[in-house]
Amino acid sequence: AGASPQMFSMGDHRHPRLTSVTKSTLDGSGLATVTFTRSFANEPGVVLTPIAPGGTQPVMMQVQSWTMNAGLYVGCVVKGYRSRPLPSVIALLSALLNYDMCAGDASGVGVSVIAVQVS
């Protein structure tokens with residue numbers, strides 16, 4: 001595409017890959033260690049999506065830490081949490097104040113990890 005005469009790409013040219021797409025499964029502690037399909041010089045943007053989480057409560061995920069090699073971002077550790085419903089009977093307000101809504105078990109849930117080079 002373009003208007004410049006005699007300026008074109010060779011037929012076998014390749015665009016640099018700017019993304020990494022991987023899948024993993026949360027272990028018994030709700031963690032998944034993911035190795036990217038490419039490395040990143042700067043912290044990449046990451047999208048985490050639960051795959052077929054099952055159950056009735058939603059699963060939330062976050063990057064817990066980064067895996068580095070020679071100053072490059074080569075992977076991450078994902079932590080998954082399953083939300084919990086409130087107890088049916090809340091006898092004391094203090095019990096509600098100390099209730100952790102995100103302490104449910106998310107082990108065994110698959111995760112899709114898309115890492116994108118920041119522009």
# chains A, B, ... in the order shown; residues from 1 in each chain; ligands from 1
call {"tool": "residues_around", "arguments": {"residues": "A:Val63", "least_positions_apart": "6", "cutoff": "7 Å", "atoms": "only C-alpha atoms", "output": "PyMOL selection string"}}
result
chain A and resi 76-79
call {"tool": "residues_around", "arguments": {"residues": "A:Ser39", "least_positions_apart": "3", "cutoff": "8 Å", "atoms": "only C-alpha atoms", "output": "number ranges by chain"}}
result
A: 36, 72-75
call {"tool": "write_last_selection", "arguments": {"atoms": "C-alpha atoms", "output": "PDB file, in the first residue's frame"}}
result
ATOM      1  CA  PHE A  36       5.790 -15.929  26.943  1.00  0.00           C
ATOM      2  CA  LEU A  72      13.916  -8.983  29.442  1.00  0.00           C
ATOM      3  CA  TYR A  73      10.374  -9.893  30.487  1.00  0.00           C
ATOM      4  CA  VAL A  74      10.015 -13.576  29.523  1.00  0.00           C
ATOM      5  CA  GLY A  75       6.993 -14.618  31.567  1.00  0.00           C
TER       6      GLY A  75
END
call {"tool": "closest_residue", "arguments": {"among": "A:Thr37, A:Asn42, A:Ser65, A:Thr25", "to": "A:Gly108", "atoms": "only C-alpha atoms"}}
result
A:Thr25
call {"tool": "select_by_dssp", "arguments": {"residues": "chain A", "states": "strand (DSSP E or B)", "output": "ChimeraX atom specification"}}
result
/A:19-25,31-40,45-51,59-69,72-82,104,110-116
call {"tool": "select_by_dssp", "arguments": {"residues": "chain A", "states": "alpha helix (DSSP H)", "output": "list in words"}}
result
Leu93, Ser94, Ala95, Leu96 and Leu97 of chain A
call {"tool": "write_last_selection", "arguments": {"atoms": "all heavy atoms", "output": "PDB file, in the first residue's frame"}}
result
ATOM      1  N   LEU A  93     -21.314  -7.768  62.951  1.00  0.00           N
ATOM      2  CA  LEU A  93     -20.757  -6.850  61.962  1.00  0.00           C
ATOM      3  C   LEU A  93     -19.264  -7.087  61.796  1.00  0.00           C
ATOM      4  O   LEU A  93     -18.736  -7.004  60.682  1.00  0.00           O
ATOM      5  CB  LEU A  93     -21.029  -5.402  62.368  1.00  0.00           C
ATOM      6  CG  LEU A  93     -20.530  -4.333  61.407  1.00  0.00           C
ATOM      7  CD1 LEU A  93     -21.148  -4.538  60.024  1.00  0.00           C
ATOM      8  CD2 LEU A  93     -20.849  -2.947  61.934  1.00  0.00           C
ATOM      9  N   SER A  94     -18.565  -7.435  62.875  1.00  0.00           N
ATOM     10  CA  SER A  94     -17.123  -7.681  62.790  1.00  0.00           C
ATOM     11  C   SER A  94     -16.825  -8.863  61.866  1.00  0.00           C
ATOM     12  O   SER A  94     -15.807  -8.879  61.174  1.00  0.00           O
ATOM     13  CB  SER A  94     -16.522  -7.913  64.165  1.00  0.00           C
ATOM     14  OG  SER A  94     -17.095  -9.066  64.754  1.00  0.00           O
ATOM     15  N   ALA A  95     -17.705  -9.857  61.824  1.00  0.00           N
ATOM     16  CA  ALA A  95     -17.506 -10.990  60.921  1.00  0.00           C
ATOM     17  C   ALA A  95     -17.581 -10.529  59.465  1.00  0.00           C
ATOM     18  O   ALA A  95     -16.829 -10.994  58.612  1.00  0.00           O
ATOM     19  CB  ALA A  95     -18.545 -12.071  61.195  1.00  0.00           C
ATOM     20  N   LEU A  96     -18.462  -9.616  59.179  1.00  0.00           N
ATOM     21  CA  LEU A  96     -18.576  -9.079  57.825  1.00  0.00           C
ATOM     22  C   LEU A  96     -17.357  -8.231  57.465  1.00  0.00           C
ATOM     23  O   LEU A  96     -16.856  -8.306  56.344  1.00  0.00           O
ATOM     24  CB  LEU A  96     -19.854  -8.240  57.700  1.00  0.00           C
ATOM     25  CG  LEU A  96     -20.089  -7.584  56.345  1.00  0.00           C
ATOM     26  CD1 LEU A  96     -20.164  -8.636  55.238  1.00  0.00           C
ATOM     27  CD2 LEU A  96     -21.352  -6.745  56.363  1.00  0.00           C
ATOM     28  N   LEU A  97     -16.863  -7.443  58.396  1.00  0.00           N
ATOM     29  CA  LEU A  97     -15.716  -6.585  58.135  1.00  0.00           C
ATOM     30  C   LEU A  97     -14.460  -7.406  57.833  1.00  0.00           C
ATOM     31  O   LEU A  97     -13.594  -6.963  57.088  1.00  0.00           O
ATOM     32  CB  LEU A  97     -15.463  -5.648  59.318  1.00  0.00           C
ATOM     33  CG  LEU A  97     -16.545  -4.598  59.555  1.00  0.00           C
ATOM     34  CD1 LEU A  97     -16.268  -3.817  60.827  1.00  0.00           C
ATOM     35  CD2 LEU A  97     -16.666  -3.670  58.355  1.00  0.00           C
TER      36      LEU A  97
END
call {"tool": "decode", "arguments": {"residues": "stretch 32-45 of chain A", "atoms": "all heavy atoms", "output": "compact mmCIF listing (two decimals), in the first residue's frame"}}
result
# COMPACT_ATOMS: atom_id res chain seq x y z
N ALA A 32 -0.28 -19.89 38.36
CA ALA A 32 0.16 -20.47 37.09
C ALA A 32 1.39 -19.71 36.65
O ALA A 32 1.40 -18.47 36.61
CB ALA A 32 -0.93 -20.36 36.03
N THR A 33 2.46 -20.44 36.34
CA THR A 33 3.67 -19.83 35.82
C THR A 33 3.62 -19.91 34.30
O THR A 33 3.47 -21.00 33.74
CB THR A 33 4.93 -20.53 36.35
OG1 THR A 33 4.92 -20.45 37.78
CG2 THR A 33 6.19 -19.91 35.81
N VAL A 34 3.70 -18.76 33.64
CA VAL A 34 3.54 -18.67 32.20
C VAL A 34 4.85 -18.19 31.58
O VAL A 34 5.44 -17.23 32.07
CB VAL A 34 2.40 -17.68 31.85
CG1 VAL A 34 2.29 -17.49 30.36
CG2 VAL A 34 1.09 -18.15 32.45
N THR A 35 5.27 -18.86 30.52
CA THR A 35 6.42 -18.41 29.74
C THR A 35 5.90 -17.84 28.43
O THR A 35 5.17 -18.51 27.70
CB THR A 35 7.39 -19.59 29.45
OG1 THR A 35 7.82 -20.14 30.70
CG2 THR A 35 8.59 -19.11 28.66
N PHE A 36 6.24 -16.57 28.17
CA PHE A 36 5.79 -15.93 26.94
C PHE A 36 6.42 -16.59 25.72
O PHE A 36 7.48 -17.20 25.82
CB PHE A 36 6.15 -14.45 26.94
CG PHE A 36 5.53 -13.64 28.06
CD1 PHE A 36 6.22 -12.60 28.65
CD2 PHE A 36 4.25 -13.92 28.54
CE1 PHE A 36 5.67 -11.85 29.67
CE2 PHE A 36 3.68 -13.18 29.56
CZ PHE A 36 4.40 -12.14 30.12
N THR A 37 5.79 -16.44 24.57
CA THR A 37 6.32 -16.98 23.31
C THR A 37 7.36 -16.06 22.70
O THR A 37 7.97 -16.40 21.69
CB THR A 37 5.19 -17.22 22.29
OG1 THR A 37 4.47 -16.00 22.09
CG2 THR A 37 4.23 -18.30 22.80
N ARG A 38 7.55 -14.90 23.29
CA ARG A 38 8.60 -13.97 22.90
C ARG A 38 8.98 -13.15 24.12
O ARG A 38 8.24 -13.14 25.11
CB ARG A 38 8.14 -13.05 21.77
CG ARG A 38 6.93 -12.21 22.14
CD ARG A 38 6.85 -10.89 21.44
NE ARG A 38 7.92 -10.01 21.87
CZ ARG A 38 8.07 -8.77 21.49
NH1 ARG A 38 7.23 -8.24 20.65
NH2 ARG A 38 9.04 -8.02 21.92
N SER A 39 10.09 -12.48 24.10
CA SER A 39 10.50 -11.65 25.23
C SER A 39 10.14 -10.19 24.95
O SER A 39 9.93 -9.79 23.81
CB SER A 39 12.00 -11.80 25.49
OG SER A 39 12.73 -11.43 24.34
N PHE A 40 10.10 -9.40 26.02
CA PHE A 40 9.75 -7.99 25.93
C PHE A 40 10.81 -7.17 26.65
O PHE A 40 11.20 -7.48 27.77
CB PHE A 40 8.39 -7.72 26.59
CG PHE A 40 7.25 -8.43 25.91
CD1 PHE A 40 6.86 -9.70 26.33
CD2 PHE A 40 6.56 -7.84 24.87
CE1 PHE A 40 5.81 -10.36 25.72
CE2 PHE A 40 5.51 -8.49 24.24
CZ PHE A 40 5.14 -9.75 24.66
N ALA A 41 11.26 -6.08 26.02
CA ALA A 41 12.25 -5.20 26.64
C ALA A 41 11.65 -4.40 27.78
O ALA A 41 12.32 -4.08 28.76
CB ALA A 41 12.86 -4.26 25.60
N ASN A 42 10.36 -4.05 27.67
CA ASN A 42 9.64 -3.30 28.70
C ASN A 42 8.47 -4.14 29.20
O ASN A 42 8.01 -5.04 28.52
CB ASN A 42 9.13 -1.97 28.14
CG ASN A 42 10.26 -1.08 27.69
OD1 ASN A 42 11.18 -0.80 28.44
ND2 ASN A 42 10.21 -0.67 26.43
N GLU A 43 7.98 -3.78 30.38
CA GLU A 43 6.84 -4.51 30.95
C GLU A 43 5.68 -4.51 29.96
O GLU A 43 5.19 -3.46 29.56
CB GLU A 43 6.42 -3.85 32.25
CG GLU A 43 5.30 -4.55 32.97
CD GLU A 43 4.95 -3.86 34.27
OE1 GLU A 43 5.85 -3.71 35.12
OE2 GLU A 43 3.78 -3.48 34.42
N PRO A 44 5.22 -5.69 29.54
CA PRO A 44 4.14 -5.74 28.54
C PRO A 44 2.78 -5.49 29.18
O PRO A 44 2.60 -5.64 30.39
CB PRO A 44 4.23 -7.18 28.02
CG PRO A 44 4.78 -7.96 29.17
CD PRO A 44 5.73 -7.03 29.88
N GLY A 45 1.84 -5.12 28.34
CA GLY A 45 0.46 -5.09 28.77
C GLY A 45 -0.06 -6.52 28.74
O GLY A 45 0.24 -7.26 27.81
